[in-house]
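Printed here is start.txt (compact mmCIF, C-alpha atoms and all ligand atoms):
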# COMPACT_ATOMS: atom_id res chain seq x y z
CA MET L 1 161.84 89.71 106.70
CA ALA L 2 159.45 90.33 103.79
CA ASP L 3 159.05 87.46 101.32
CA ASP L 4 160.28 89.56 98.37
CA ALA L 5 163.42 90.56 100.21
CA ARG L 6 163.96 86.95 101.37
CA SER L 7 163.82 85.57 97.82
CA ALA L 8 166.04 88.40 96.50
CA LEU L 9 168.55 87.63 99.25
CA ALA L 10 168.54 83.97 98.32
CA SER L 11 169.65 84.89 94.80
CA LEU L 12 172.70 86.84 96.05
CA PRO L 13 176.14 85.28 96.64
CA PRO L 14 176.18 84.22 100.33
CA LEU L 15 177.42 86.79 102.81
CA PRO L 16 180.44 85.76 104.92
CA ALA L 17 179.46 84.06 108.19
CA ALA L 18 181.37 86.60 110.32
CA PHE L 19 179.51 89.46 108.58
CA LEU L 20 176.14 87.77 109.12
CA GLU L 21 177.06 87.39 112.78
CA PHE L 22 177.95 91.10 112.94
CA LEU L 23 174.55 91.98 111.45
CA ARG L 24 172.77 89.69 113.89
CA GLU L 25 174.60 91.18 116.89
CA ASN L 26 173.61 94.67 115.75
CA GLY L 27 170.00 93.81 115.06
CA LEU L 28 170.35 94.44 111.32
CA ASP L 29 168.42 92.59 108.65
CA PRO L 30 170.67 90.97 105.99
CA ALA L 31 167.80 91.40 103.52
CA MET L 32 168.88 94.99 102.98
CA TYR L 33 171.72 93.64 100.84
CA SER L 34 169.25 92.24 98.36
CA MET L 35 168.36 95.81 97.48
CA ALA L 36 171.91 96.95 96.87
CA ASP L 37 171.39 97.54 93.15
CA THR L 38 168.42 99.81 93.80
CA ILE L 39 170.23 102.06 96.28
CA PRO L 40 171.00 105.39 94.59
CA ARG L 41 174.50 106.74 94.19
CA TYR L 42 175.22 110.14 95.62
CA ILE L 43 177.18 113.04 94.31
CA ARG L 44 178.12 116.34 95.86
CA LEU L 45 177.86 119.44 93.76
CA LYS L 46 180.50 122.05 94.35
CA PRO L 47 178.71 124.98 96.03
CA GLY L 48 177.86 127.70 93.54
CA MET L 49 177.32 125.24 90.69
CA GLU L 50 173.52 125.04 91.09
CA PRO L 51 172.79 127.04 87.91
CA GLN L 52 174.64 124.34 86.00
CA ILE L 53 172.37 121.51 87.18
CA PRO L 54 170.35 121.33 83.90
CA GLU L 55 173.58 121.04 81.92
CA ILE L 56 174.94 118.34 84.23
CA GLU L 57 171.63 116.47 84.07
CA SER L 58 171.71 116.48 80.32
CA GLU L 59 175.31 115.28 80.27
CA LEU L 60 174.70 112.47 82.77
CA LYS L 61 171.32 111.71 81.15
CA CYS L 62 169.58 111.52 84.50
CA ARG L 63 167.85 113.70 87.05
CA LEU L 64 169.83 115.06 90.00
CA ASP L 65 167.53 114.47 92.98
CA LYS L 66 168.30 116.92 95.78
CA VAL L 67 168.86 115.26 99.17
CA SER L 68 166.77 117.50 101.40
CA TRP L 69 168.69 116.84 104.63
CA LEU L 70 172.20 117.09 103.19
CA PRO L 71 173.30 120.38 101.60
CA ASP L 72 174.74 120.08 98.08
CA PHE L 73 174.06 116.33 97.83
CA TYR L 74 172.10 114.78 94.98
CA ALA L 75 170.98 111.19 94.35
CA ILE L 76 171.47 109.67 90.92
CA PRO L 77 170.51 106.20 89.65
CA PRO L 78 173.08 103.52 90.66
CA GLU L 79 173.96 102.64 87.07
CA VAL L 80 175.12 106.18 86.19
CA HIS L 81 178.91 106.55 86.06
CA ILE L 82 180.28 110.02 86.57
CA ALA L 83 184.02 109.48 86.04
CA GLY L 84 183.89 110.01 82.26
CA SER L 85 181.73 113.13 82.48
CA LYS L 86 182.97 116.68 81.89
CA ALA L 87 181.22 117.79 85.08
CA TYR L 88 183.40 115.39 87.08
CA GLN L 89 186.57 116.09 85.15
CA GLN L 90 186.11 119.83 85.62
CA GLY L 91 185.64 119.36 89.37
CA LYS L 92 181.97 120.40 89.48
CA ILE L 93 180.78 117.12 91.04
CA TYR L 94 182.32 114.22 92.90
CA GLY L 95 181.00 110.92 94.18
CA ILE L 96 180.52 110.64 97.94
CA ASP L 97 178.13 108.53 100.04
CA ALA L 98 175.29 110.35 101.74
CA ALA L 99 176.45 108.48 104.86
CA SER L 100 179.91 110.06 104.57
CA GLY L 101 178.30 113.45 104.10
CA ALA L 102 176.19 112.94 107.23
CA ALA L 103 179.30 112.12 109.28
CA ILE L 104 181.02 115.30 108.12
CA LEU L 105 177.91 117.37 108.78
CA ALA L 106 177.82 115.95 112.32
CA LEU L 107 181.27 117.42 112.95
CA ASP L 108 179.59 120.84 112.88
CA VAL L 109 182.57 122.59 111.35
CA LYS L 110 182.65 126.30 112.16
CA PRO L 111 184.55 129.05 110.34
CA GLY L 112 188.09 129.24 111.66
CA ASP L 113 188.20 125.66 112.98
CA HIS L 114 191.43 123.70 112.80
CA VAL L 115 190.28 120.30 111.56
CA LEU L 116 192.18 117.01 111.53
CA ASP L 117 191.05 114.19 109.25
CA LEU L 118 192.65 110.92 110.28
CA CYS L 119 192.59 108.10 107.69
CA ALA L 120 191.86 110.72 105.06
CA ALA L 121 192.49 108.88 101.79
CA PRO L 122 191.17 108.77 99.14
CA GLY L 123 189.72 112.08 100.26
CA ALA L 124 186.06 112.62 99.46
CA LYS L 125 185.38 113.69 103.05
CA LEU L 126 188.52 115.77 103.11
CA CYS L 127 187.25 117.67 100.05
CA MET L 128 183.91 118.25 101.72
CA LEU L 129 185.65 119.51 104.87
CA ALA L 130 187.85 121.84 102.82
CA ASP L 131 184.78 123.16 101.06
CA MET L 132 182.99 123.78 104.36
CA LEU L 133 185.96 125.64 105.83
CA GLY L 134 186.28 127.80 102.73
CA GLY L 135 188.79 130.57 103.30
CA THR L 136 189.10 130.08 107.07
CA GLY L 137 190.84 127.79 109.57
CA SER L 138 192.99 124.88 108.50
CA LEU L 139 192.68 121.26 107.45
CA THR L 140 195.20 118.51 108.11
CA GLY L 141 194.78 115.13 106.41
CA VAL L 142 196.66 112.07 107.65
CA ASP L 143 196.88 108.61 106.14
CA VAL L 144 199.30 105.75 106.60
CA ALA L 145 199.29 104.80 102.89
CA LYS L 146 201.38 107.24 100.85
CA HIS L 147 200.00 106.26 97.43
CA ARG L 148 196.44 106.69 98.71
CA LEU L 149 197.25 110.07 100.24
CA ALA L 150 198.82 111.13 96.96
CA ALA L 151 195.40 110.49 95.37
CA CYS L 152 193.94 112.79 98.02
CA ARG L 153 196.38 115.50 97.02
CA THR L 154 195.35 115.12 93.36
CA MET L 155 191.70 115.42 94.35
CA LEU L 156 192.25 118.56 96.45
CA GLN L 157 194.15 120.18 93.62
CA LYS L 158 191.60 119.12 91.01
CA TYR L 159 188.78 120.75 92.97
CA SER L 160 190.95 123.75 93.93
CA LEU L 161 190.26 123.01 97.58
CA GLY L 162 193.79 122.51 98.92
CA ASP L 163 194.85 126.06 99.75
CA ARG L 164 194.46 125.69 103.51
CA CYS L 165 195.38 121.98 103.70
CA ARG L 166 198.37 119.96 104.81
CA LEU L 167 198.74 116.25 104.07
CA PHE L 168 200.90 113.98 106.20
CA VAL L 169 201.79 110.35 105.59
CA ALA L 170 201.72 109.12 109.16
CA ASP L 171 200.23 106.63 111.56
CA GLY L 172 197.15 108.33 112.94
CA THR L 173 197.42 106.49 116.26
CA SER L 174 200.57 108.42 117.13
CA PHE L 175 200.32 111.57 114.98
CA SER L 176 200.98 114.58 117.20
CA ILE L 177 201.81 117.56 115.00
CA LEU L 178 199.80 120.59 116.01
CA PRO L 179 197.79 122.81 113.71
CA VAL L 180 199.52 126.01 112.73
CA ASN L 181 198.41 128.57 115.26
CA SER L 182 199.13 132.18 115.91
CA SER L 183 202.13 131.48 118.15
CA LEU L 184 203.91 129.77 115.27
CA ASP L 185 202.63 132.01 112.53
CA SER L 186 205.39 134.36 111.49
CA GLY L 187 203.36 135.74 108.60
CA GLU L 188 203.54 134.70 105.01
CA GLY L 189 205.45 137.77 103.94
CA SER L 190 208.55 137.23 106.08
CA THR L 191 211.03 136.99 103.21
CA ASP L 192 214.05 136.87 105.52
CA LEU L 193 212.94 133.39 106.60
CA LYS L 194 212.16 132.09 103.13
CA ASN L 195 214.13 129.79 100.88
CA ASN L 196 217.01 128.97 103.18
CA GLY L 197 216.09 125.29 103.26
CA ASN L 198 215.02 125.36 106.90
CA THR L 199 211.78 127.19 106.33
CA PHE L 200 208.77 126.45 104.20
CA SER L 201 208.59 128.17 100.89
CA GLU L 202 205.80 127.66 98.35
CA TRP L 203 204.98 123.97 97.90
CA THR L 204 206.32 122.27 94.85
CA SER L 205 206.03 118.67 93.72
CA LYS L 206 209.76 118.65 92.95
CA ARG L 207 211.98 117.41 95.76
CA SER L 208 214.82 119.67 96.84
CA TRP L 209 218.42 118.81 95.94
CA LYS L 210 219.10 118.24 99.66
CA ASP L 211 216.21 115.73 99.97
CA ARG L 212 217.30 113.87 96.85
CA GLN L 213 220.89 113.62 98.17
CA LYS L 214 219.60 112.36 101.51
CA SER L 215 217.59 109.50 99.99
CA LYS L 216 220.44 108.68 97.57
CA LYS L 217 222.80 108.32 100.53
CA ALA L 218 220.25 106.25 102.45
CA LYS L 219 219.85 103.93 99.44
CA ILE L 220 223.62 103.47 99.06
CA ALA L 221 223.97 102.78 102.78
CA GLY L 222 221.18 100.23 102.46
CA SER L 223 219.23 101.91 105.21
CA PRO L 224 215.46 101.68 104.91
CA GLN L 225 213.59 104.68 103.45
CA PRO L 226 211.53 106.58 105.97
CA THR L 227 208.23 104.80 106.42
CA SER L 228 204.87 106.07 107.42
CA THR L 229 205.26 104.49 110.82
CA SER L 230 208.38 106.54 111.59
CA GLU L 231 208.35 110.31 111.18
CA PRO L 232 205.33 111.94 109.59
CA GLU L 233 206.09 112.96 106.01
CA LEU L 234 204.51 116.13 104.70
CA ILE L 235 203.52 115.49 101.09
CA TYR L 236 201.49 118.63 100.43
CA TYR L 237 200.67 122.01 101.88
CA GLY L 238 198.55 124.72 100.34
CA LYS L 239 199.59 128.32 99.87
CA HIS L 240 197.33 129.49 102.73
CA SER L 241 198.07 126.59 105.07
CA GLY L 242 200.06 129.01 107.25
CA LEU L 243 203.31 127.12 106.77
CA ILE L 244 205.05 129.41 104.33
CA GLY L 245 207.79 131.33 106.09
CA LEU L 246 207.73 129.12 109.20
CA ARG L 247 210.68 127.07 110.41
CA LYS L 248 210.32 123.38 109.54
CA CYS L 249 211.60 122.32 112.98
CA ASP L 250 208.80 124.30 114.69
CA VAL L 251 206.02 122.98 112.48
CA LEU L 252 207.09 119.34 112.36
CA ARG L 253 207.89 119.01 116.06
CA PRO L 254 205.76 116.41 117.90
CA SER L 255 203.68 118.02 120.63
CA ASP L 256 203.19 116.93 124.21
CA ASP L 257 199.82 116.45 125.90
CA ASP L 258 199.76 119.89 127.55
CA GLU L 259 200.40 121.71 124.29
CA ALA L 260 197.83 119.55 122.57
CA ARG L 261 195.22 120.46 125.17
CA SER L 262 195.83 124.18 124.81
CA SER L 263 196.40 124.45 121.06
CA GLY L 264 195.21 121.20 119.48
CA TYR L 265 192.63 120.70 116.78
CA ASP L 266 189.07 121.97 117.18
CA LYS L 267 187.52 119.02 115.32
CA VAL L 268 188.83 115.58 114.50
CA PHE L 269 187.29 113.29 111.96
CA HIS L 270 188.18 109.73 112.63
CA GLY L 271 187.72 107.63 109.52
CA ASN L 272 188.98 104.22 110.45
CA LEU L 273 191.07 104.18 113.56
CA LYS L 274 190.38 101.87 116.46
CA ARG L 275 192.06 104.20 118.91
CA TYR L 276 191.74 107.92 119.57
CA CYS L 277 194.38 110.33 118.62
CA PRO L 278 195.48 111.69 122.00
CA PHE L 279 195.21 115.38 121.38
CA LEU L 280 191.97 117.22 121.00
CA SER L 281 191.48 120.74 122.28
CA SER L 282 187.70 120.35 122.20
CA THR L 283 186.62 116.79 122.36
CA VAL L 284 184.49 116.58 119.29
CA LEU L 285 185.00 113.26 117.66
CA THR L 286 183.08 111.43 115.03
CA LEU L 287 183.63 107.73 115.01
CA VAL L 288 182.64 106.08 111.84
CA LEU L 289 182.53 102.34 111.58
CA LEU L 290 182.57 101.39 107.99
CA THR L 291 181.53 98.00 106.73
CA THR L 292 180.83 97.14 103.11
CA LYS L 293 177.39 98.71 103.04
CA LEU L 294 176.72 99.88 106.54
CA HIS L 295 177.68 103.11 108.16
CA ILE L 296 177.22 103.74 111.85
CA TYR L 297 177.91 107.06 113.55
CA ILE L 298 178.67 107.66 117.16
CA VAL L 299 178.96 111.39 117.61
C1 LIG L 301 187.92 103.79 104.52
S1 LIG L 301 189.36 104.64 104.08
C2 LIG L 301 188.97 106.25 104.63
C3 LIG L 301 188.08 106.98 103.66
C4 LIG L 301 188.25 108.49 103.74
N1 LIG L 301 187.91 109.02 105.06
C5 LIG L 301 187.43 109.19 102.65
O1 LIG L 301 186.46 109.86 102.93
O2 LIG L 301 187.77 109.07 101.47
C6 LIG L 301 190.45 104.10 105.36
C7 LIG L 301 191.84 104.72 105.28
O3 LIG L 301 192.43 104.53 106.57
C8 LIG L 301 193.83 104.45 106.39
N2 LIG L 301 194.41 103.94 107.65
C9 LIG L 301 194.24 102.73 108.23
N3 LIG L 301 194.92 102.66 109.38
C10 LIG L 301 195.51 103.86 109.57
C11 LIG L 301 196.34 104.41 110.58
N4 LIG L 301 196.70 103.70 111.65
N5 LIG L 301 196.75 105.68 110.45
C12 LIG L 301 196.41 106.42 109.36
N6 LIG L 301 195.63 105.95 108.36
C13 LIG L 301 195.18 104.70 108.46
C14 LIG L 301 193.96 103.56 105.16
O4 LIG L 301 195.21 103.70 104.54
C15 LIG L 301 192.80 104.06 104.30
O5 LIG L 301 193.24 105.00 103.35

When written as structure tokens, how does the structure in this file appear?
Ligand SMILES: C[S@@+](CC[C@H](N)C(=O)[O-])C[C@H]1O[C@@H](n2cnc3c(N)ncnc32)[C@H](O)[C@@H]1O
Amino acid sequence: MADDARSALASLPPLPAAFLEFLRENGLDPAMYSMADTIPRYIRLKPGMEPQIPEIESELKCRLDKVSWLPDFYAIPPEVHIAGSKAYQQGKIYGIDAASGAAILALDVKPGDHVLDLCAAPGAKLCMLADMLGGTGSLTGVDVAKHRLAACRTMLQKYSLGDRCRLFVADGTSFSILPVNSSLDSGEGSTDLKNNGNTFSEWTSKRSWKDRQKSKKAKIAGSPQPTSTSEPELIYYGKHSGLIGLRKCDVLRPSDDDEARSSGYDKVFHGNLKRYCPFLSSTVLTLVLLTTKLHIYIV
């Protein structure tokens, strides 16, 4: 360890013993934490916004340094806050680690892929995935924490990236709802199936009368509200997610292993889980171990 780094480390609050042990086991130098306040922050610029870089730079009062190996990523000084800026509020930029960007890039998302993001909240990677898919394929985000997934929904809507997305509150270790594929797809124009309560019509944040009655009854009966560990709860779907016009029972049905093998997801991003989700049609899996400052990828 260099002397400078050693003395800087000595001036930091001590790192927890278990964390130091983790660093030692992985051959990592704890001195890197002494440089935490010099590590740049990263933002991702919504594709197509490049001509607006000078304006964003003048608003943030800093240079946007292009990250050569990561498309649309820029480094900014660590002390710059973006949340109050117009560029952020208008959805032109969002904060995301370069390490997170690298993990998503490693997924090698192709047009038309059906992508599953487990442990998706608060959603920076989900937004990047949605952006990469553009007007093709589908994106399903799953998280066990409903309030965190609701933040994801807000983010997707803010950046206008949610059209092909579905968000489920569910335990990712047992989630087994398939992507919408051609065998289920009855076509978005099938008006005979719409609005009868058993099929998906356009998503709205308002709960249906039937749903409200159901939870009222459950409350009166003292029965517990559905939790994320029971049935997956769909809290958002975009207008091109392929759901509109389909029967709810077909879409929300858990799949078995055979179905999953033949019509599962093309890519799965695995944000935090210790165990694999059992159904991948092509076994492309990014494992990301996240610690406070360290990101490791096993692709
Ligand atoms: C580090 S965050 C993920 C960050 C996210 N991928 C992003 O880019 O913003 C970890 C998330 O995993 C979720 N989580 C933890 N265990 C889970 C499980 N068994 N199933 C689904 N989500 C889980 C947590 O609720 C939390 O939102």

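For the pair atom CA of L:Ile244 and atom CA of L:Asn198, the interatomic distance is 11.1 Å.
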
- Message: What's the separation between atom CA of L:Lys66 and atom CA of L:Gly95, in Å to one decimal place?
- Response: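 These atoms are spaced 14.1 Å apart.
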
- What gap, in Å, lies between atom C13 of ligand LIG 301 (chain L) and atom CA of L:Tyr236? 17.3 Å

- Task: Would you list the contacts of L:Leu161 as a ChimeraX atom specification, taking every protein, DNA or RNA residue within 12 Å and counting all atoms listed in the file, but skipping same-chain residues closer than 6 positions in sequence?
- Result: /L:46-47,91-92,123-136,138-139,152-155,237-241

- Task: Would you mind listing the residues within 6 Å of ligand LIG 301 (chain L), counting only C-alpha atoms and all ligand atoms, as a VMD selection string?
- Result: chain L and resid 118 to 125 142 to 145 148 170 to 173 271 to 273

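Considering only C-alpha atoms, the residue among L:Ser58, L:Ser176, L:Ser68, L:Thr38 positioned nearest to L:Ser263 is L:Ser176.
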
- Task: Pick out the residues sitting within 9 Å of L:Ile82, and hand them over as a PyMOL selection string; count all atoms listed in the file, and ignore anything fewer than 2 positions along from it in its own chain.
- Result: chain L and resi 43+60+80+84-89+93-95

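Among the candidate residues L:Glu259, L:Arg253, L:Phe269, L:Ser201, the one lying nearest to L:Leu105 is L:Phe269, with distances computed using all atoms listed in the file.
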